[in-house]
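Shown next: protein-v2.cif, given as mmCIF, C-alpha atoms; chains and numbers go by the auth columns.
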data_my_file
#
loop_
_atom_site.group_PDB
_atom_site.id
_atom_site.type_symbol
_atom_site.label_atom_id
_atom_site.label_comp_id
_atom_site.label_asym_id
_atom_site.label_seq_id
_atom_site.Cartn_x
_atom_site.Cartn_y
_atom_site.Cartn_z
_atom_site.B_iso_or_equiv
_atom_site.auth_seq_id
_atom_site.auth_asym_id
ATOM 1 C CA MET A 1 10.452 28.796 -5.333 0.00 1 A
ATOM 2 C CA ASN A 2 9.773 26.077 -2.813 0.00 2 A
ATOM 3 C CA LEU A 3 9.380 22.669 -4.373 0.00 3 A
ATOM 4 C CA LYS A 4 6.101 22.168 -2.534 0.00 4 A
ATOM 5 C CA ASP A 5 4.625 25.214 -4.284 0.00 5 A
ATOM 6 C CA LYS A 6 5.425 23.990 -7.796 0.00 6 A
ATOM 7 C CA SER A 7 3.022 21.937 -9.880 0.00 7 A
ATOM 8 C CA CYS A 8 3.789 18.702 -11.623 0.00 8 A
ATOM 9 C CA VAL A 9 4.241 19.242 -15.330 0.00 9 A
ATOM 10 C CA PRO A 10 2.891 16.580 -17.674 0.00 10 A
ATOM 11 C CA CYS A 11 5.542 13.992 -18.337 0.00 11 A
ATOM 12 C CA GLN A 12 4.876 12.032 -21.514 0.00 12 A
ATOM 13 C CA GLY A 13 8.155 10.228 -21.585 0.00 13 A
ATOM 14 C CA GLY A 14 10.822 10.929 -24.161 0.00 14 A
ATOM 15 C CA VAL A 15 12.930 12.765 -21.593 0.00 15 A
ATOM 16 C CA PRO A 16 15.729 11.081 -19.678 0.00 16 A
ATOM 17 C CA PRO A 17 15.262 10.399 -15.959 0.00 17 A
ATOM 18 C CA LEU A 18 17.359 12.364 -13.507 0.00 18 A
ATOM 19 C CA THR A 19 20.866 10.993 -13.200 0.00 19 A
ATOM 20 C CA LEU A 20 21.864 9.465 -9.877 0.00 20 A
ATOM 21 C CA GLU A 21 23.997 12.542 -9.237 0.00 21 A
ATOM 22 C CA ALA A 22 21.145 14.933 -10.011 0.00 22 A
ATOM 23 C CA ALA A 23 18.762 12.953 -7.806 0.00 23 A
ATOM 24 C CA ARG A 24 21.265 12.966 -4.942 0.00 24 A
ATOM 25 C CA ALA A 25 21.710 16.712 -5.348 0.00 25 A
ATOM 26 C CA MET A 26 17.929 17.265 -4.982 0.00 26 A
ATOM 27 C CA LEU A 27 17.502 14.929 -2.013 0.00 27 A
ATOM 28 C CA PRO A 28 18.289 17.551 0.686 0.00 28 A
ATOM 29 C CA ARG A 29 15.294 19.545 -0.574 0.00 29 A
ATOM 30 C CA VAL A 30 12.903 16.768 0.588 0.00 30 A
ATOM 31 C CA PRO A 31 13.927 16.043 4.206 0.00 31 A
ATOM 32 C CA ALA A 32 13.562 12.452 5.442 0.00 32 A
ATOM 33 C CA TRP A 33 13.061 10.951 1.971 0.00 33 A
ATOM 34 C CA GLU A 34 15.395 8.230 0.749 0.00 34 A
ATOM 35 C CA LEU A 35 16.742 7.317 -2.655 0.00 35 A
ATOM 36 C CA ASN A 36 17.276 3.714 -3.643 0.00 36 A
ATOM 37 C CA ASP A 37 20.813 2.805 -4.653 0.00 37 A
ATOM 38 C CA GLU A 38 20.088 3.299 -8.350 0.00 38 A
ATOM 39 C CA GLY A 39 18.492 6.693 -7.839 0.00 39 A
ATOM 40 C CA THR A 40 15.262 5.549 -9.510 0.00 40 A
ATOM 41 C CA ARG A 41 12.857 5.567 -6.531 0.00 41 A
ATOM 42 C CA LEU A 42 12.105 8.152 -3.854 0.00 42 A
ATOM 43 C CA SER A 43 10.516 6.806 -0.670 0.00 43 A
ATOM 44 C CA ARG A 44 9.571 7.742 2.869 0.00 44 A
ATOM 45 C CA THR A 45 7.896 5.745 5.652 0.00 45 A
ATOM 46 C CA PHE A 46 5.683 7.585 8.141 0.00 46 A
ATOM 47 C CA LYS A 47 4.863 6.057 11.558 0.00 47 A
ATOM 48 C CA PHE A 48 1.536 6.221 13.390 0.00 48 A
ATOM 49 C CA SER A 49 0.079 4.872 16.602 0.00 49 A
ATOM 50 C CA ASP A 50 -2.737 2.834 15.029 0.00 50 A
ATOM 51 C CA PHE A 51 -4.267 1.702 11.751 0.00 51 A
ATOM 52 C CA SER A 52 -6.838 4.441 11.390 0.00 52 A
ATOM 53 C CA GLN A 53 -4.304 7.270 11.587 0.00 53 A
ATOM 54 C CA ALA A 54 -2.105 5.510 9.031 0.00 54 A
ATOM 55 C CA GLN A 55 -5.038 5.134 6.657 0.00 55 A
ATOM 56 C CA THR A 56 -6.194 8.742 7.099 0.00 56 A
ATOM 57 C CA PHE A 57 -2.721 10.026 6.250 0.00 57 A
ATOM 58 C CA THR A 58 -2.410 7.658 3.291 0.00 58 A
ATOM 59 C CA VAL A 59 -5.636 8.988 1.806 0.00 59 A
ATOM 60 C CA LYS A 60 -4.416 12.575 2.238 0.00 60 A
ATOM 61 C CA VAL A 61 -1.300 11.642 0.268 0.00 61 A
ATOM 62 C CA GLY A 62 -3.440 9.864 -2.314 0.00 62 A
ATOM 63 C CA ASP A 63 -5.763 12.826 -2.746 0.00 63 A
ATOM 64 C CA ALA A 64 -2.854 15.267 -3.050 0.00 64 A
ATOM 65 C CA SER A 65 -1.188 13.105 -5.682 0.00 65 A
ATOM 66 C CA ASP A 66 -4.416 12.549 -7.609 0.00 66 A
ATOM 67 C CA ALA A 67 -4.888 16.332 -7.740 0.00 67 A
ATOM 68 C CA GLU A 68 -1.482 16.604 -9.450 0.00 68 A
ATOM 69 C CA GLY A 69 -2.005 13.565 -11.670 0.00 69 A
ATOM 70 C CA HIS A 70 1.199 11.998 -10.321 0.00 70 A
ATOM 71 C CA HIS A 71 0.572 8.924 -8.202 0.00 71 A
ATOM 72 C CA PRO A 72 2.896 7.149 -5.779 0.00 72 A
ATOM 73 C CA VAL A 73 2.676 3.555 -4.708 0.00 73 A
ATOM 74 C CA LEU A 74 1.132 3.687 -1.232 0.00 74 A
ATOM 75 C CA THR A 75 1.593 0.829 1.215 0.00 75 A
ATOM 76 C CA TYR A 76 0.106 0.903 4.696 0.00 76 A
ATOM 77 C CA SER A 77 -0.992 -1.235 7.574 0.00 77 A
ATOM 78 C CA TRP A 78 -1.107 -0.895 11.370 0.00 78 A
ATOM 79 C CA GLY A 79 1.099 2.028 12.346 0.00 79 A
ATOM 80 C CA TYR A 80 2.828 2.976 9.115 0.00 80 A
ATOM 81 C CA CYS A 81 2.505 4.280 5.596 0.00 81 A
ATOM 82 C CA THR A 82 5.239 3.990 2.970 0.00 82 A
ATOM 83 C CA VAL A 83 5.105 6.334 -0.015 0.00 83 A
ATOM 84 C CA VAL A 84 7.164 5.555 -3.129 0.00 84 A
ATOM 85 C CA PHE A 85 7.451 7.968 -6.042 0.00 85 A
ATOM 86 C CA TYR A 86 8.743 6.938 -9.452 0.00 86 A
ATOM 87 C CA THR A 87 7.991 8.116 -12.974 0.00 87 A
ATOM 88 C CA HIS A 88 6.961 5.025 -14.866 0.00 88 A
ATOM 89 C CA LYS A 89 7.103 6.628 -18.320 0.00 89 A
ATOM 90 C CA ILE A 90 10.786 7.465 -18.031 0.00 90 A
ATOM 91 C CA GLY A 91 11.907 4.542 -15.884 0.00 91 A
ATOM 92 C CA GLY A 92 13.238 6.678 -13.070 0.00 92 A
ATOM 93 C CA LEU A 93 12.875 9.995 -11.297 0.00 93 A
ATOM 94 C CA HIS A 94 11.644 13.334 -12.647 0.00 94 A
ATOM 95 C CA GLU A 95 11.462 16.678 -10.870 0.00 95 A
ATOM 96 C CA ASN A 96 7.729 15.865 -10.453 0.00 96 A
ATOM 97 C CA ASP A 97 8.652 13.144 -7.952 0.00 97 A
ATOM 98 C CA PHE A 98 10.538 15.612 -5.780 0.00 98 A
ATOM 99 C CA ILE A 99 7.726 18.168 -6.067 0.00 99 A
ATOM 100 C CA MET A 100 5.277 15.527 -4.830 0.00 100 A
ATOM 101 C CA ALA A 101 7.608 14.445 -2.008 0.00 101 A
ATOM 102 C CA ALA A 102 7.789 18.080 -0.841 0.00 102 A
ATOM 103 C CA LYS A 103 3.990 18.357 -1.009 0.00 103 A
ATOM 104 C CA VAL A 104 3.676 15.166 1.065 0.00 104 A
ATOM 105 C CA ASN A 105 6.070 16.560 3.682 0.00 105 A
ATOM 106 C CA ALA A 106 3.855 19.635 3.873 0.00 106 A
ATOM 107 C CA LEU A 107 0.901 17.377 4.835 0.00 107 A
ATOM 108 C CA THR A 108 2.571 16.261 8.057 0.00 108 A
ATOM 109 C CA MET B 1 -21.387 -21.056 8.085 0.00 109 B
ATOM 110 C CA ASN B 2 -19.941 -18.868 5.390 0.00 110 B
ATOM 111 C CA LEU B 3 -16.453 -17.653 6.172 0.00 111 B
ATOM 112 C CA LYS B 4 -17.505 -14.072 5.447 0.00 112 B
ATOM 113 C CA ASP B 5 -20.095 -14.249 8.222 0.00 113 B
ATOM 114 C CA LYS B 6 -17.633 -15.340 10.901 0.00 114 B
ATOM 115 C CA SER B 7 -15.752 -12.902 13.123 0.00 115 B
ATOM 116 C CA CYS B 8 -12.048 -12.840 13.716 0.00 116 B
ATOM 117 C CA VAL B 9 -11.209 -14.274 17.102 0.00 117 B
ATOM 118 C CA PRO B 10 -8.418 -12.643 19.088 0.00 118 B
ATOM 119 C CA CYS B 11 -5.124 -14.258 18.228 0.00 119 B
ATOM 120 C CA GLN B 12 -2.499 -13.685 20.905 0.00 120 B
ATOM 121 C CA GLY B 13 0.064 -16.007 19.518 0.00 121 B
ATOM 122 C CA GLY B 14 1.002 -19.275 21.137 0.00 122 B
ATOM 123 C CA VAL B 15 -0.908 -21.256 18.530 0.00 123 B
ATOM 124 C CA PRO B 16 0.748 -22.761 15.482 0.00 124 B
ATOM 125 C CA PRO B 17 0.038 -21.243 12.062 0.00 125 B
ATOM 126 C CA LEU B 18 -1.954 -23.283 9.578 0.00 126 B
ATOM 127 C CA THR B 19 0.155 -25.883 7.842 0.00 127 B
ATOM 128 C CA LEU B 20 0.731 -25.484 4.119 0.00 128 B
ATOM 129 C CA GLU B 21 -1.689 -28.366 3.536 0.00 129 B
ATOM 130 C CA ALA B 22 -4.378 -26.825 5.737 0.00 130 B
ATOM 131 C CA ALA B 23 -3.966 -23.445 4.030 0.00 131 B
ATOM 132 C CA ARG B 24 -4.220 -25.055 0.582 0.00 132 B
ATOM 133 C CA ALA B 25 -7.348 -26.882 1.673 0.00 133 B
ATOM 134 C CA MET B 26 -8.998 -23.604 2.714 0.00 134 B
ATOM 135 C CA LEU B 27 -7.979 -21.669 -0.408 0.00 135 B
ATOM 136 C CA PRO B 28 -11.024 -22.687 -2.534 0.00 136 B
ATOM 137 C CA ARG B 29 -13.240 -20.994 0.059 0.00 137 B
ATOM 138 C CA VAL B 30 -11.760 -17.584 -0.878 0.00 138 B
ATOM 139 C CA PRO B 31 -11.987 -17.405 -4.683 0.00 139 B
ATOM 140 C CA ALA B 32 -9.256 -15.488 -6.538 0.00 140 B
ATOM 141 C CA TRP B 33 -6.906 -15.310 -3.533 0.00 141 B
ATOM 142 C CA GLU B 34 -3.405 -16.711 -3.802 0.00 142 B
ATOM 143 C CA LEU B 35 -1.105 -18.386 -1.331 0.00 143 B
ATOM 144 C CA ASN B 36 2.622 -17.796 -1.439 0.00 144 B
ATOM 145 C CA ASP B 37 4.757 -20.902 -1.873 0.00 145 B
ATOM 146 C CA GLU B 38 5.313 -21.296 1.879 0.00 146 B
ATOM 147 C CA GLY B 39 1.606 -20.938 2.712 0.00 147 B
ATOM 148 C CA THR B 40 2.318 -17.987 5.030 0.00 148 B
ATOM 149 C CA ARG B 41 0.683 -15.131 3.077 0.00 149 B
ATOM 150 C CA LEU B 42 -2.751 -14.770 1.473 0.00 150 B
ATOM 151 C CA SER B 43 -3.013 -12.123 -1.241 0.00 151 B
ATOM 152 C CA ARG B 44 -5.261 -10.773 -3.963 0.00 152 B
ATOM 153 C CA THR B 45 -4.836 -7.903 -6.429 0.00 153 B
ATOM 154 C CA PHE B 46 -7.916 -5.994 -7.563 0.00 154 B
ATOM 155 C CA LYS B 47 -7.876 -3.909 -10.777 0.00 155 B
ATOM 156 C CA PHE B 48 -9.562 -0.552 -11.332 0.00 156 B
ATOM 157 C CA SER B 49 -9.798 2.005 -14.112 0.00 157 B
ATOM 158 C CA ASP B 50 -8.232 4.904 -12.241 0.00 158 B
ATOM 159 C CA PHE B 51 -6.554 5.946 -8.998 0.00 159 B
ATOM 160 C CA SER B 52 -9.632 7.205 -7.190 0.00 160 B
ATOM 161 C CA GLN B 53 -11.533 3.924 -7.540 0.00 161 B
ATOM 162 C CA ALA B 54 -8.512 1.986 -6.321 0.00 162 B
ATOM 163 C CA GLN B 55 -8.204 4.244 -3.276 0.00 163 B
ATOM 164 C CA THR B 56 -11.927 4.076 -2.476 0.00 164 B
ATOM 165 C CA PHE B 57 -11.850 0.283 -2.533 0.00 165 B
ATOM 166 C CA THR B 58 -8.654 0.175 -0.469 0.00 166 B
ATOM 167 C CA VAL B 59 -10.272 2.268 2.250 0.00 167 B
ATOM 168 C CA LYS B 60 -13.314 -0.030 2.273 0.00 168 B
ATOM 169 C CA VAL B 61 -10.964 -2.955 2.864 0.00 169 B
ATOM 170 C CA GLY B 62 -9.101 -1.004 5.519 0.00 170 B
ATOM 171 C CA ASP B 63 -12.291 -0.056 7.345 0.00 171 B
ATOM 172 C CA ALA B 64 -13.595 -3.638 7.250 0.00 172 B
ATOM 173 C CA SER B 65 -10.323 -4.971 8.615 0.00 173 B
ATOM 174 C CA ASP B 66 -10.074 -2.305 11.310 0.00 174 B
ATOM 175 C CA ALA B 67 -13.577 -3.267 12.456 0.00 175 B
ATOM 176 C CA GLU B 68 -12.310 -6.828 12.976 0.00 176 B
ATOM 177 C CA GLY B 69 -8.993 -5.780 14.471 0.00 177 B
ATOM 178 C CA HIS B 70 -7.139 -7.806 11.831 0.00 178 B
ATOM 179 C CA HIS B 71 -5.215 -5.639 9.395 0.00 179 B
ATOM 180 C CA PRO B 72 -3.768 -6.527 6.007 0.00 180 B
ATOM 181 C CA VAL B 73 -0.924 -4.796 4.279 0.00 181 B
ATOM 182 C CA LEU B 74 -2.607 -2.639 1.622 0.00 182 B
ATOM 183 C CA THR B 75 -0.692 -1.458 -1.437 0.00 183 B
ATOM 184 C CA TYR B 76 -2.312 0.655 -4.125 0.00 184 B
ATOM 185 C CA SER B 77 -1.614 3.097 -6.898 0.00 185 B
ATOM 186 C CA TRP B 78 -3.211 3.956 -10.249 0.00 186 B
ATOM 187 C CA GLY B 79 -5.546 1.123 -11.215 0.00 187 B
ATOM 188 C CA TYR B 80 -4.868 -1.518 -8.587 0.00 188 B
ATOM 189 C CA CYS B 81 -4.991 -2.510 -4.949 0.00 189 B
ATOM 190 C CA THR B 82 -3.108 -5.477 -3.503 0.00 190 B
ATOM 191 C CA VAL B 83 -4.298 -6.900 -0.186 0.00 191 B
ATOM 192 C CA VAL B 84 -2.008 -9.205 1.822 0.00 192 B
ATOM 193 C CA PHE B 85 -3.170 -11.010 4.949 0.00 193 B
ATOM 194 C CA TYR B 86 -0.757 -12.588 7.398 0.00 194 B
ATOM 195 C CA THR B 87 -0.895 -13.146 11.151 0.00 195 B
ATOM 196 C CA HIS B 88 2.229 -11.520 12.492 0.00 196 B
ATOM 197 C CA LYS B 89 1.946 -13.032 15.982 0.00 197 B
ATOM 198 C CA ILE B 90 2.115 -16.600 14.721 0.00 198 B
ATOM 199 C CA GLY B 91 4.373 -16.059 11.716 0.00 199 B
ATOM 200 C CA GLY B 92 1.896 -17.405 9.198 0.00 200 B
ATOM 201 C CA LEU B 93 -1.793 -17.870 8.468 0.00 201 B
ATOM 202 C CA HIS B 94 -4.704 -18.265 10.884 0.00 202 B
ATOM 203 C CA GLU B 95 -8.357 -18.879 10.067 0.00 203 B
ATOM 204 C CA ASN B 96 -8.791 -15.130 10.721 0.00 204 B
ATOM 205 C CA ASP B 97 -6.899 -14.407 7.502 0.00 205 B
ATOM 206 C CA PHE B 98 -9.317 -16.501 5.467 0.00 206 B
ATOM 207 C CA ILE B 99 -12.311 -14.935 7.237 0.00 207 B
ATOM 208 C CA MET B 100 -10.994 -11.487 6.296 0.00 208 B
ATOM 209 C CA ALA B 101 -10.295 -12.563 2.696 0.00 209 B
ATOM 210 C CA ALA B 102 -13.902 -13.760 2.409 0.00 210 B
ATOM 211 C CA LYS B 103 -15.142 -10.457 3.855 0.00 211 B
ATOM 212 C CA VAL B 104 -13.037 -8.548 1.314 0.00 212 B
ATOM 213 C CA ASN B 105 -14.476 -10.606 -1.536 0.00 213 B
ATOM 214 C CA ALA B 106 -17.935 -9.667 -0.288 0.00 214 B
ATOM 215 C CA LEU B 107 -17.035 -5.969 -0.731 0.00 215 B
ATOM 216 C CA THR B 108 -16.594 -6.316 -4.489 0.00 216 B
#

So, in terms of structure tokens, how does the structure I just supplied come out?
Amino acid sequence: MNLKDKSCVPCQGGVPPLTLEAARAMLPRVPAWELNDEGTRLSRTFKFSDFSQAQTFTVKVGDASDAEGHHPVLTYSWGYCTVVFYTHKIGGLHENDFIMAAKVNALT
Amino acid sequence: MNLKDKSCVPCQGGVPPLTLEAARAMLPRVPAWELNDEGTRLSRTFKFSDFSQAQTFTVKVGDASDAEGHHPVLTYSWGYCTVVFYTHKIGGLHENDFIMAAKVNALT
């Protein structure tokens, strides 16, 4: 099953985050996303040719993440939008973060 | 004239940024905004009770800044939106940044 077609499962904490090795192993399934060195954050920056296009895309990402109840940190300004996924309750990454990254890629 | 009623003037660079002292002197005119230690960034974080409200407010700020052609860096997620103004072309703050901060305060 494609990651983008899965749904985020509720994550109440109490489960360990993905290990760095597990996160690295999943990374090829979400092209163009990057892991931080610790394997606790998944991020991608998208480029645009003005502010309005950056904002429109950011809101699409926001709406898609709100529908799944799993929200990234969204940062944008003229010409770019950076999306960062992280599962606060477990202090690192969960499969949900990769599912959301795949869904965001499908928006482009 | 209230800052919020002024318009941003085009800033093509070639003018010096506000000094730290000048920026500090203007700060009381934009309640709840903060200067960084160097006086080169003007920021404010707004709190909300969910993601959707944070996103709706962020877009209002984005639209207001796009109308003036002076764009902040906008960062939001569940329950908050952080707005940072800075004039890239002069490497610091311009009166435009304070005008925009006052306009953002008027949106709340």

Exercise for review: Could you give me, as a ChimeraX atom specification, the residues within 12 Å of A:Ser77, counting only C-alpha atoms and dropping anything in the same chain fewer than 4 positions from it?
Suggested key: /A:45-58,81-82 /B:166-167,169-171,173-174,177-184,191-194,196

Practice item. Identify the residues within 9 Å of coordinate (5.9, 22.3, -1.8) (same frame as the file), considering all atoms listed in the file, and give the answer as a list of chain:residue names. Key: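 Checking each residue against the 9 Å limit leaves A:Met1, A:Asn2, A:Leu3, A:Lys4, A:Asp5, A:Lys6, A:Ser7, A:Ile99, A:Met100, A:Ala101, A:Ala102, A:Lys103, A:Val104, A:Asn105, A:Ala106.
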
Review point. Which residue gives the smallest distance to chain B among A:Glu21, A:Glu34, A:Glu68, A:Glu95, with all atoms listed in the file counted?
Key: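 That would be A:Glu68, the residue with the smallest distance to chain B.
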
Tell me which residues the PyMOL selection byres ((chain B and resi 116-125) around 6) grabs here, as a compact mmCIF listing (two decimals) with C-alpha atoms, keeping the file's coordinate frame.
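Below is the file that was written, result_31.txt:
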# COMPACT_ATOMS: atom_id res chain seq x y z
CA SER B 115 -15.75 -12.90 13.12
CA LEU B 126 -1.95 -23.28 9.58
CA LYS B 197 1.95 -13.03 15.98
CA ILE B 198 2.12 -16.60 14.72
CA GLY B 200 1.90 -17.40 9.20
CA LEU B 201 -1.79 -17.87 8.47
CA HIS B 202 -4.70 -18.26 10.88
CA ASN B 204 -8.79 -15.13 10.72

Emit as lines of an AutoDock Vina configuration file the padded axis-aligned box for all listed atoms of stretch 52-56 of chain A, 5 Å per side, with centre and edge lengths in Å to one decimal.
center_x = -4.5
center_y = 6.6
center_z = 9.1
size_x = 14.7
size_y = 14.3
size_z = 14.9

Point to revise | Answer key for the PyMOL selection byres ((chain B and resi 148) around 8), residues as a list in words | key: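 Selection result, ordered by chain and number: Leu128, Leu143, Asn144, Asp145, Glu146, Gly147, Arg149, Leu150, Tyr194, Gly199, Gly200 and Leu201 of chain B.
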
Practice item. Could you check how far atom CA of B:Ala175 sits from atom CA of B:Pro136, in Å to one decimal? Key: 24.7 Å

May I ask you to restore N, CA, C and O atoms in stretch 122-136 of chain B and write the result as a JSON list (two decimals), keeping the file's coordinate frame?
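File out_38.json, as written:
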[["chain", "number", "residue", "atom", "x", "y", "z"],
["B", 122, "GLY", "N", 1.00, -18.05, 20.34],
["B", 122, "GLY", "CA", 1.00, -19.27, 21.14],
["B", 122, "GLY", "C", 0.27, -20.42, 20.48],
["B", 122, "GLY", "O", 0.22, -21.52, 21.02],
["B", 123, "VAL", "N", -0.32, -20.16, 19.31],
["B", 123, "VAL", "CA", -0.91, -21.26, 18.53],
["B", 123, "VAL", "C", -0.10, -21.40, 17.25],
["B", 123, "VAL", "O", 0.48, -20.42, 16.77],
["B", 124, "PRO", "N", -0.02, -22.61, 16.71],
["B", 124, "PRO", "CA", 0.75, -22.76, 15.48],
["B", 124, "PRO", "C", -0.01, -22.17, 14.29],
["B", 124, "PRO", "O", -1.24, -22.14, 14.29],
["B", 125, "PRO", "N", 0.72, -21.67, 13.29],
["B", 125, "PRO", "CA", 0.04, -21.24, 12.06],
["B", 125, "PRO", "C", -0.54, -22.46, 11.34],
["B", 125, "PRO", "O", -0.18, -23.60, 11.63],
["B", 126, "LEU", "N", -1.44, -22.20, 10.42],
["B", 126, "LEU", "CA", -1.95, -23.28, 9.58],
["B", 126, "LEU", "C", -0.79, -23.92, 8.83],
["B", 126, "LEU", "O", 0.13, -23.23, 8.39],
["B", 127, "THR", "N", -0.85, -25.23, 8.68],
["B", 127, "THR", "CA", 0.16, -25.88, 7.84],
["B", 127, "THR", "C", -0.10, -25.51, 6.38],
["B", 127, "THR", "O", -1.19, -25.05, 6.01],
["B", 128, "LEU", "N", 0.89, -25.74, 5.56],
["B", 128, "LEU", "CA", 0.73, -25.48, 4.12],
["B", 128, "LEU", "C", -0.45, -26.28, 3.58],
["B", 128, "LEU", "O", -1.25, -25.77, 2.79],
["B", 129, "GLU", "N", -0.59, -27.51, 4.03],
["B", 129, "GLU", "CA", -1.69, -28.37, 3.54],
["B", 129, "GLU", "C", -3.04, -27.81, 3.98],
["B", 129, "GLU", "O", -4.00, -27.78, 3.22],
["B", 130, "ALA", "N", -3.12, -27.37, 5.23],
["B", 130, "ALA", "CA", -4.38, -26.82, 5.74],
["B", 130, "ALA", "C", -4.73, -25.53, 5.01],
["B", 130, "ALA", "O", -5.90, -25.29, 4.66],
["B", 131, "ALA", "N", -3.71, -24.71, 4.74],
["B", 131, "ALA", "CA", -3.97, -23.44, 4.03],
["B", 131, "ALA", "C", -4.44, -23.74, 2.61],
["B", 131, "ALA", "O", -5.38, -23.12, 2.11],
["B", 132, "ARG", "N", -3.79, -24.70, 1.95],
["B", 132, "ARG", "CA", -4.22, -25.06, 0.58],
["B", 132, "ARG", "C", -5.64, -25.58, 0.56],
["B", 132, "ARG", "O", -6.40, -25.35, -0.37],
["B", 133, "ALA", "N", -6.00, -26.31, 1.61],
["B", 133, "ALA", "CA", -7.35, -26.88, 1.67],
["B", 133, "ALA", "C", -8.40, -25.79, 1.85],
["B", 133, "ALA", "O", -9.54, -25.94, 1.39],
["B", 134, "MET", "N", -8.03, -24.69, 2.51],
["B", 134, "MET", "CA", -9.00, -23.60, 2.71],
["B", 134, "MET", "C", -9.08, -22.65, 1.52],
["B", 134, "MET", "O", -10.05, -21.90, 1.38],
["B", 135, "LEU", "N", -8.07, -22.67, 0.67],
["B", 135, "LEU", "CA", -7.98, -21.67, -0.41],
["B", 135, "LEU", "C", -9.22, -21.62, -1.31],
["B", 135, "LEU", "O", -9.66, -20.52, -1.68],
["B", 136, "PRO", "N", -9.83, -22.76, -1.67],
["B", 136, "PRO", "CA", -11.02, -22.69, -2.53],
["B", 136, "PRO", "C", -12.19, -21.93, -1.90],
["B", 136, "PRO", "O", -13.11, -21.53, -2.61]]
